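Below is structure.csv, holding CSV, C-alpha atoms and all ligand atoms.
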```csv
chain,number,residue,atom,x,y,z
F,24,MET,CA,-21.0,36.0,27.6
F,25,LYS,CA,-23.2,38.1,25.4
F,26,VAL,CA,-23.3,37.5,21.6
F,27,ILE,CA,-24.3,40.1,19.0
F,28,VAL,CA,-24.8,39.1,15.4
F,29,GLY,CA,-24.7,41.7,12.6
F,30,ASN,CA,-22.7,42.6,9.5
F,31,GLU,CA,-19.2,43.9,9.8
F,32,LYS,CA,-20.2,47.5,9.5
F,33,GLU,CA,-22.9,47.2,12.1
F,34,ILE,CA,-20.8,45.3,14.7
F,35,SER,CA,-17.8,47.6,14.2
F,36,GLN,CA,-19.9,50.6,14.9
F,37,LEU,CA,-21.4,49.0,18.0
F,38,ILE,CA,-17.9,48.2,19.3
F,39,ALA,CA,-16.6,51.8,18.6
F,40,ASP,CA,-19.7,53.0,20.4
F,41,GLU,CA,-18.7,50.9,23.5
F,42,PHE,CA,-15.2,52.5,23.4
F,43,VAL,CA,-16.6,56.0,23.1
F,44,LYS,CA,-19.0,55.3,26.0
F,45,VAL,CA,-16.2,54.1,28.2
F,46,VAL,CA,-14.0,57.2,27.4
F,47,LYS,CA,-16.9,59.6,27.9
F,48,ALA,CA,-17.6,58.2,31.3
F,49,LYS,CA,-13.9,58.1,32.2
F,50,PRO,CA,-11.7,60.4,30.1
F,51,THR,CA,-8.5,58.8,31.6
F,52,ALA,CA,-9.6,55.3,30.5
F,53,VAL,CA,-7.1,52.7,29.8
F,54,LEU,CA,-7.8,51.1,26.3
F,55,GLY,CA,-6.7,47.6,25.4
F,56,LEU,CA,-6.1,47.5,21.7
F,57,ALA,CA,-5.6,44.7,19.1
F,58,THR,CA,-4.2,44.5,15.6
F,59,GLY,CA,-5.3,42.3,12.6
F,60,THR,CA,-7.8,43.2,9.9
F,61,SER,CA,-10.8,42.6,12.2
F,62,PRO,CA,-10.6,45.8,14.2
F,63,LEU,CA,-9.9,48.1,11.2
F,64,MET,CA,-13.5,49.4,10.9
F,65,VAL,CA,-13.8,49.8,14.6
F,66,TYR,CA,-10.7,52.1,14.6
F,67,ALA,CA,-12.1,54.1,11.7
F,68,ASP,CA,-15.3,54.6,13.6
F,69,MET,CA,-13.4,55.6,16.8
F,70,ALA,CA,-11.5,58.2,14.8
F,71,LYS,CA,-14.7,59.5,13.2
F,72,ALA,CA,-16.2,60.0,16.7
F,73,TYR,CA,-13.1,62.1,17.5
F,74,LYS,CA,-13.3,64.1,14.3
F,75,ASP,CA,-17.0,64.8,14.8
F,76,GLY,CA,-16.1,66.2,18.2
F,77,GLU,CA,-18.0,63.5,20.0
F,78,VAL,CA,-15.1,62.3,22.1
F,79,SER,CA,-11.5,63.1,23.0
F,80,TYR,CA,-8.9,60.5,23.8
F,81,LYS,CA,-6.3,63.0,25.0
F,82,ASP,CA,-6.2,61.7,28.5
F,83,CYS,CA,-6.4,58.0,27.7
F,84,LYS,CA,-3.7,55.5,27.9
F,85,SER,CA,-3.5,52.4,25.7
F,86,PHE,CA,-1.8,49.0,25.8
F,87,ASN,CA,-1.6,46.7,22.8
F,88,LEU,CA,-1.8,42.9,23.0
F,89,ASP,CA,1.2,41.8,21.1
F,90,GLU,CA,4.1,42.3,18.7
F,91,TYR,CA,6.3,40.2,16.4
F,92,VAL,CA,9.8,39.3,17.6
F,93,GLY,CA,12.3,40.6,15.2
F,94,LEU,CA,10.4,43.5,13.6
F,95,GLU,CA,11.3,47.1,14.3
F,96,GLY,CA,8.4,49.5,15.1
F,97,THR,CA,9.0,51.1,11.7
F,98,HIS,CA,8.5,47.9,9.8
F,99,ASP,CA,5.2,48.1,7.9
F,100,GLN,CA,4.0,44.7,9.4
F,101,SER,CA,5.0,45.6,13.0
F,102,TYR,CA,2.0,46.2,15.3
F,103,ARG,CA,3.5,49.5,16.4
F,104,TYR,CA,3.3,50.7,12.8
F,105,PHE,CA,-0.2,49.3,12.4
F,106,MET,CA,-1.5,51.2,15.4
F,107,THR,CA,0.1,54.5,14.3
F,108,GLU,CA,-1.3,54.2,10.8
F,109,ASN,CA,-4.7,52.9,11.6
F,110,LEU,CA,-5.6,54.7,14.8
F,111,PHE,CA,-3.1,56.8,16.7
F,112,LYS,CA,-2.4,59.4,14.0
F,113,HIS,CA,-6.1,59.9,13.5
F,114,ILE,CA,-7.0,60.7,17.1
F,115,ASP,CA,-5.7,62.9,19.9
F,116,ILE,CA,-4.2,60.2,22.2
F,117,LYS,CA,-0.7,61.3,23.2
F,118,LEU,CA,1.9,58.9,21.7
F,119,GLU,CA,3.8,58.7,25.0
F,120,ASN,CA,0.7,57.2,26.5
F,121,THR,CA,0.4,54.4,24.0
F,122,HIS,CA,2.1,51.1,24.8
F,123,VAL,CA,3.0,48.4,22.3
F,124,LEU,CA,5.3,45.6,23.3
F,125,LEU,CA,8.8,45.8,21.7
F,126,GLY,CA,10.0,43.1,19.2
F,127,VAL,CA,13.6,44.1,19.1
F,128,GLY,CA,16.4,45.3,21.4
F,129,ASP,CA,15.8,44.7,25.1
F,130,TYR,CA,12.3,43.5,24.3
F,131,LYS,CA,12.4,40.9,27.1
F,132,ALA,CA,12.9,43.5,29.8
F,133,TYR,CA,9.9,45.5,28.5
F,134,MET,CA,7.8,42.3,28.3
F,135,ASN,CA,8.6,41.4,31.9
F,136,GLN,CA,7.4,44.7,33.2
F,137,TYR,CA,4.3,45.0,30.9
F,138,ASP,CA,1.7,43.5,33.3
F,139,LYS,CA,3.0,45.7,36.1
F,140,GLU,CA,2.7,48.8,33.9
F,141,ILE,CA,-0.9,47.9,33.1
F,142,ASP,CA,-1.7,47.4,36.8
F,143,GLU,CA,0.0,50.7,37.7
F,144,ALA,CA,-2.1,52.5,35.0
F,145,GLY,CA,-5.2,51.2,36.9
F,146,GLY,CA,-5.9,48.1,34.7
F,147,ILE,CA,-7.6,48.0,31.2
F,148,ASP,CA,-11.1,49.5,31.2
F,149,ILE,CA,-12.1,48.0,27.8
F,150,GLN,CA,-10.2,45.5,25.7
F,151,ILE,CA,-10.9,44.7,22.1
F,152,LEU,CA,-9.9,41.3,20.8
F,153,GLY,CA,-9.8,39.6,17.4
F,154,ILE,CA,-9.5,35.8,17.1
F,155,GLY,CA,-7.2,33.5,15.2
F,156,SER,CA,-8.6,30.6,13.1
F,157,ASP,CA,-7.1,28.2,15.6
F,158,GLY,CA,-8.8,30.0,18.6
F,159,HIS,CA,-5.8,32.1,19.6
F,160,ILE,CA,-6.4,35.5,21.2
F,161,ALA,CA,-3.5,38.0,21.0
F,162,PHE,CA,-0.7,35.5,20.3
F,163,ASN,CA,-1.8,32.9,22.9
F,164,GLU,CA,-1.7,29.8,20.8
F,165,PRO,CA,-3.4,26.5,21.7
F,166,GLY,CA,-1.8,25.0,24.8
F,167,THR,CA,-1.0,28.3,26.4
F,168,PRO,CA,-1.7,28.1,30.2
F,169,PHE,CA,-4.7,30.0,31.4
F,170,ASP,CA,-2.6,31.6,34.1
F,171,SER,CA,-0.1,33.0,31.7
F,172,LEU,CA,1.1,36.7,31.9
F,173,THR,CA,2.9,38.6,29.2
F,174,HIS,CA,5.5,36.2,27.6
F,175,GLU,CA,7.3,35.2,24.4
F,176,THR,CA,5.8,32.5,22.3
F,177,GLU,CA,6.3,30.5,19.1
F,178,LEU,CA,3.6,30.9,16.4
F,179,THR,CA,1.9,27.9,15.1
F,180,GLU,CA,2.1,26.9,11.4
F,181,GLN,CA,-1.6,27.8,11.0
F,182,THR,CA,-1.0,31.4,12.4
F,183,ILE,CA,2.1,31.9,10.2
F,184,LYS,CA,0.1,30.7,7.2
F,185,ASP,CA,-2.9,32.9,8.1
F,186,ASN,CA,-0.7,36.0,8.6
F,187,SER,CA,1.4,35.4,5.5
F,188,ARG,CA,-1.2,37.1,3.4
F,189,LEU,CA,0.0,40.4,4.8
F,190,PHE,CA,3.7,39.8,3.9
F,191,ASN,CA,5.4,39.5,0.5
F,192,ASP,CA,6.3,35.9,1.2
F,193,ILE,CA,5.6,33.3,4.0
F,194,SER,CA,9.4,33.2,4.7
F,195,GLU,CA,9.2,36.8,5.9
F,196,VAL,CA,6.6,36.1,8.6
F,197,PRO,CA,8.3,36.1,12.0
F,198,THR,CA,8.0,32.8,13.9
F,199,ARG,CA,8.0,34.3,17.4
F,200,ALA,CA,6.0,37.0,19.2
F,201,VAL,CA,5.6,38.6,22.5
F,202,THR,CA,2.1,38.7,23.8
F,203,MET,CA,0.0,39.5,26.8
F,204,GLY,CA,-1.0,36.3,28.5
F,205,LEU,CA,-4.5,34.8,29.0
F,206,ALA,CA,-4.5,35.9,32.7
F,207,SER,CA,-3.4,39.4,31.6
F,208,ILE,CA,-6.3,39.6,29.2
F,209,MET,CA,-8.8,38.2,31.7
F,210,LYS,CA,-8.0,41.1,34.1
F,211,ALA,CA,-9.6,43.6,31.7
F,212,LYS,CA,-12.8,45.1,33.2
F,213,LYS,CA,-14.7,44.8,29.9
F,214,ILE,CA,-13.9,42.7,26.8
F,215,VAL,CA,-15.3,43.0,23.3
F,216,LEU,CA,-14.3,40.4,20.7
F,217,ILE,CA,-14.9,40.8,16.9
F,218,ALA,CA,-14.9,37.9,14.5
F,219,THR,CA,-16.0,37.9,10.8
F,220,GLY,CA,-15.9,35.4,8.0
F,221,LYS,CA,-16.1,31.6,7.6
F,222,ASN,CA,-12.5,31.1,8.4
F,223,LYS,CA,-13.3,32.0,12.1
F,224,ALA,CA,-16.4,29.8,12.4
F,225,LYS,CA,-14.6,26.9,14.2
F,226,ALA,CA,-12.9,29.2,16.6
F,227,VAL,CA,-16.1,31.0,17.3
F,228,TYR,CA,-17.8,27.7,18.1
F,229,GLY,CA,-15.1,26.9,20.6
F,230,LEU,CA,-15.3,30.4,22.0
F,231,ILE,CA,-19.1,30.2,22.7
F,232,LYS,CA,-20.0,26.6,22.9
F,233,GLY,CA,-16.9,24.6,23.3
F,234,PRO,CA,-15.5,23.2,26.6
F,235,ILE,CA,-13.2,25.6,28.5
F,236,THR,CA,-9.8,24.1,27.5
F,237,GLU,CA,-6.3,25.4,27.0
F,238,ASP,CA,-6.5,23.7,23.5
F,239,MET,CA,-8.9,26.5,22.6
F,240,PRO,CA,-7.4,29.5,24.3
F,241,CYS,CA,-10.4,31.8,23.6
F,242,SER,CA,-12.7,29.5,25.5
F,243,ILE,CA,-11.4,31.0,28.8
F,244,LEU,CA,-13.5,34.1,27.9
F,245,GLN,CA,-16.6,32.2,28.9
F,246,LYS,CA,-15.5,32.8,32.5
F,247,HIS,CA,-15.2,36.6,32.1
F,248,PRO,CA,-17.9,38.6,33.9
F,249,ASP,CA,-18.3,41.2,31.1
F,250,CYS,CA,-17.4,39.8,27.7
F,251,THR,CA,-19.4,40.5,24.5
F,252,VAL,CA,-18.7,38.7,21.3
F,253,TYR,CA,-19.6,40.5,18.0
F,254,VAL,CA,-19.9,38.2,15.0
F,255,ASP,CA,-21.2,38.2,11.5
F,256,GLU,CA,-23.4,35.4,10.1
F,257,GLU,CA,-20.5,33.5,8.6
F,258,ALA,CA,-18.4,33.4,11.8
F,259,TYR,CA,-21.5,32.4,13.7
F,260,SER,CA,-22.6,29.7,11.3
F,261,LEU,CA,-21.5,26.7,13.3
F,262,VAL,CA,-23.0,27.9,16.6
F,263,LYS,CA,-26.4,28.3,14.8
L,1,LIG,C1,-3.0,37.9,14.7
L,1,LIG,C2,-3.1,38.8,16.0
L,1,LIG,C3,-4.4,38.6,16.7
L,1,LIG,C4,-5.6,38.7,15.7
L,1,LIG,C5,-5.4,37.6,14.7
L,1,LIG,C6,-6.6,37.6,13.7
L,1,LIG,O1,-2.5,36.6,15.0
L,1,LIG,N1,-2.0,38.5,16.9
L,1,LIG,O2,-4.5,39.5,17.7
L,1,LIG,O3,-6.7,38.5,16.4
L,1,LIG,O4,-4.2,37.8,14.0
L,1,LIG,O5,-6.3,38.5,12.7
L,1,LIG,P1,-7.4,39.0,11.6
L,1,LIG,O6,-8.3,40.0,12.4
L,1,LIG,O7,-6.6,39.7,10.6
L,1,LIG,O8,-8.1,37.8,11.1
```

As structure tokens, please, write out the structure in this file.
Amino acid sequence: MKVIVGNEKEISQLIADEFVKVVKAKPTAVLGLATGTSPLMVYADMAKAYKDGEVSYKDCKSFNLDEYVGLEGTHDQSYRYFMTENLFKHIDIKLENTHVLLGVGDYKAYMNQYDKEIDEAGGIDIQILGIGSDGHIAFNEPGTPFDSLTHETELTEQTIKDNSRLFNDISEVPTRAVTMGLASIMKAKKIVLIATGKNKAKAVYGLIKGPITEDMPCSILQKHPDCTVYVDEEAYSLVK
């Protein structure tokens, strides 16, 4: 596991550069995408690279990590909506090649075929991850088995509290989600994780220094052959 420390602007640009590098080398690359506030600047930089004519994503496919159960893709807190607003509509990826888990309707059927669809697309070439303050990645909360594939899960109180800042009221935060599993994520050929702010310091310690345990889901990344962690000083403070 490699660790790179810098301010949010610097590390976001470095991650966007990694995506651009992968897509330039393989225009049909399969991109693993994440939501949350952490990747926002990365997506802006990826869009800028497209607008500047440096890269085209027109032959790429994408798979997102997770979605809230109960939210339509048109809901402004759904992850489908987030991706459209913050990345897809700013680049030339074809919408039919973007995959986000469903949170309504026959979402379980889609969830059950998600890993197979990723495999059939050739697997994820580069996966971006954020991290929850409790050490979750995607929505794999503490206690999730390391061999998990895409599944439905209950969110912890901590995650509901953390994510309530984006809703009008905590009572509106969904309590369940569908998420790629830890084994699904570990299959990605290359992983980049971004963490900023003091609120992430404990999780980042577990990620880099902690024992590999299902109580700290992100710790499994220590076993990935090509994982780089991008952190700011605050998120890195306990490791230092
Ligand atoms: C959610 C998402 C995660 C994300 C985490 C941190 O729980 N499911 O994928 O990493 O939030 O979000 P933020 O980047 O906003 O701190």

Practice task
Name the residues within 12 Å of (-12.3, 48.3, 21.3), counting all atoms listed in the file in the file's coordinates, and put them as a ChimeraX atom specification.
Solution key: /F:34-46,52-58,61-70,85-88,110,147-153,211,213-217,250-253

Handout entry: Distance criterion (only C-alpha atoms and all ligand atoms): nearest to ligand LIG 1 (chain L) out of F:Asn30, F:Ser79, F:Gln100, F:Thr219
Key = F:Thr219

Practice task
Collect all residues with atoms no farther than 9 Å from ligand LIG 1 (chain L), counting only C-alpha atoms and all ligand atoms, and output them as a ChimeraX atom specification.
Solution key: /F:57-63,88-91,102,152-156,159-164,178,182-183,185-186,189,200,202,216-220,222-223

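Note that the spacing between CA of Lys184 in chain F and CA of Phe169 in chain F amounts to 24.7 Å.
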
Practice task
Please measure the separation of CA of Leu124 in chain F and CA of His98 in chain F, giving the value in Å to one decimal.
Solution key: 14.1 Å

Problem - Closest of F:Ala144, F:Thr167, F:Val26, F:Tyr73 to Lys112 in chain F - atom-to-atom distances counting all atoms listed in the file - result: F:Tyr73

Problem - One-decimal distance in Å that lies between CA of Thr179 in chain F and CA of Gln136 in chain F - result: 25.3 Å

Handout entry: Spatial neighbours of Gly166 in chain F, max dist 8 Å, all atoms listed in the file, sep filter under 3 positions, as a PyMOL selection string
Key = chain F and resi 237-240

Env of Asn135 in chain F: 12 Å cut, atoms = all atoms listed in the file, seq-sep filter 4 positions within chain, self excluded. Answer as an mmCIF file with C-alpha atoms, in the frame of the given file.
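Final output, selection22.cif:
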```
data_model
loop_
_atom_site.group_PDB
_atom_site.id
_atom_site.type_symbol
_atom_site.label_atom_id
_atom_site.label_comp_id
_atom_site.auth_asym_id
_atom_site.auth_seq_id
_atom_site.Cartn_x
_atom_site.Cartn_y
_atom_site.Cartn_z
ATOM 1 C CA LEU F 124 5.300 45.600 23.300
ATOM 2 C CA LEU F 125 8.800 45.800 21.700
ATOM 3 C CA ASP F 129 15.800 44.700 25.100
ATOM 4 C CA TYR F 130 12.300 43.500 24.300
ATOM 5 C CA LYS F 131 12.400 40.900 27.100
ATOM 6 C CA LYS F 139 3.000 45.700 36.100
ATOM 7 C CA GLU F 140 2.700 48.800 33.900
ATOM 8 C CA ILE F 141 -0.900 47.900 33.100
ATOM 9 C CA LEU F 172 1.100 36.700 31.900
ATOM 10 C CA THR F 173 2.900 38.600 29.200
ATOM 11 C CA HIS F 174 5.500 36.200 27.600
ATOM 12 C CA GLU F 175 7.300 35.200 24.400
ATOM 13 C CA VAL F 201 5.600 38.600 22.500
ATOM 14 C CA THR F 202 2.100 38.700 23.800
ATOM 15 C CA MET F 203 0.000 39.500 26.800
ATOM 16 C CA GLY F 204 -1.000 36.300 28.500
#
```

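Minimum distance to Ala226 in chain F across F:Glu31, F:Asp157, F:Glu180, F:Glu119 (counting only C-alpha atoms) occurs at F:Asp157.
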
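Residue nearest Met209 in chain F, chosen from F:Arg188, F:Lys117, F:Arg103, F:Lys246 and counting all atoms listed in the file: F:Lys246.
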
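The shortest atom-to-atom distance to Tyr80 in chain F, with only C-alpha atoms taken into account, belongs to F:Asp115 out of F:Asp115, F:Glu95, F:Asp138, F:Tyr104.
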
Exercise for the section: Identify, on the basis of all atoms listed in the file, every residue whose closest approach to Lys210 in chain F does not exceed 9 Å; exclude the query and any residue fewer than 4 positions from it along the same chain; express the result as a ChimeraX atom specification. Expected result: /F:146-147,205-206,247

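The shortest atom-to-atom distance to Thr121 in chain F, with all atoms listed in the file taken into account, belongs to F:Cys83 out of F:Gly158, F:Cys83, F:Ser260, F:Gly76.
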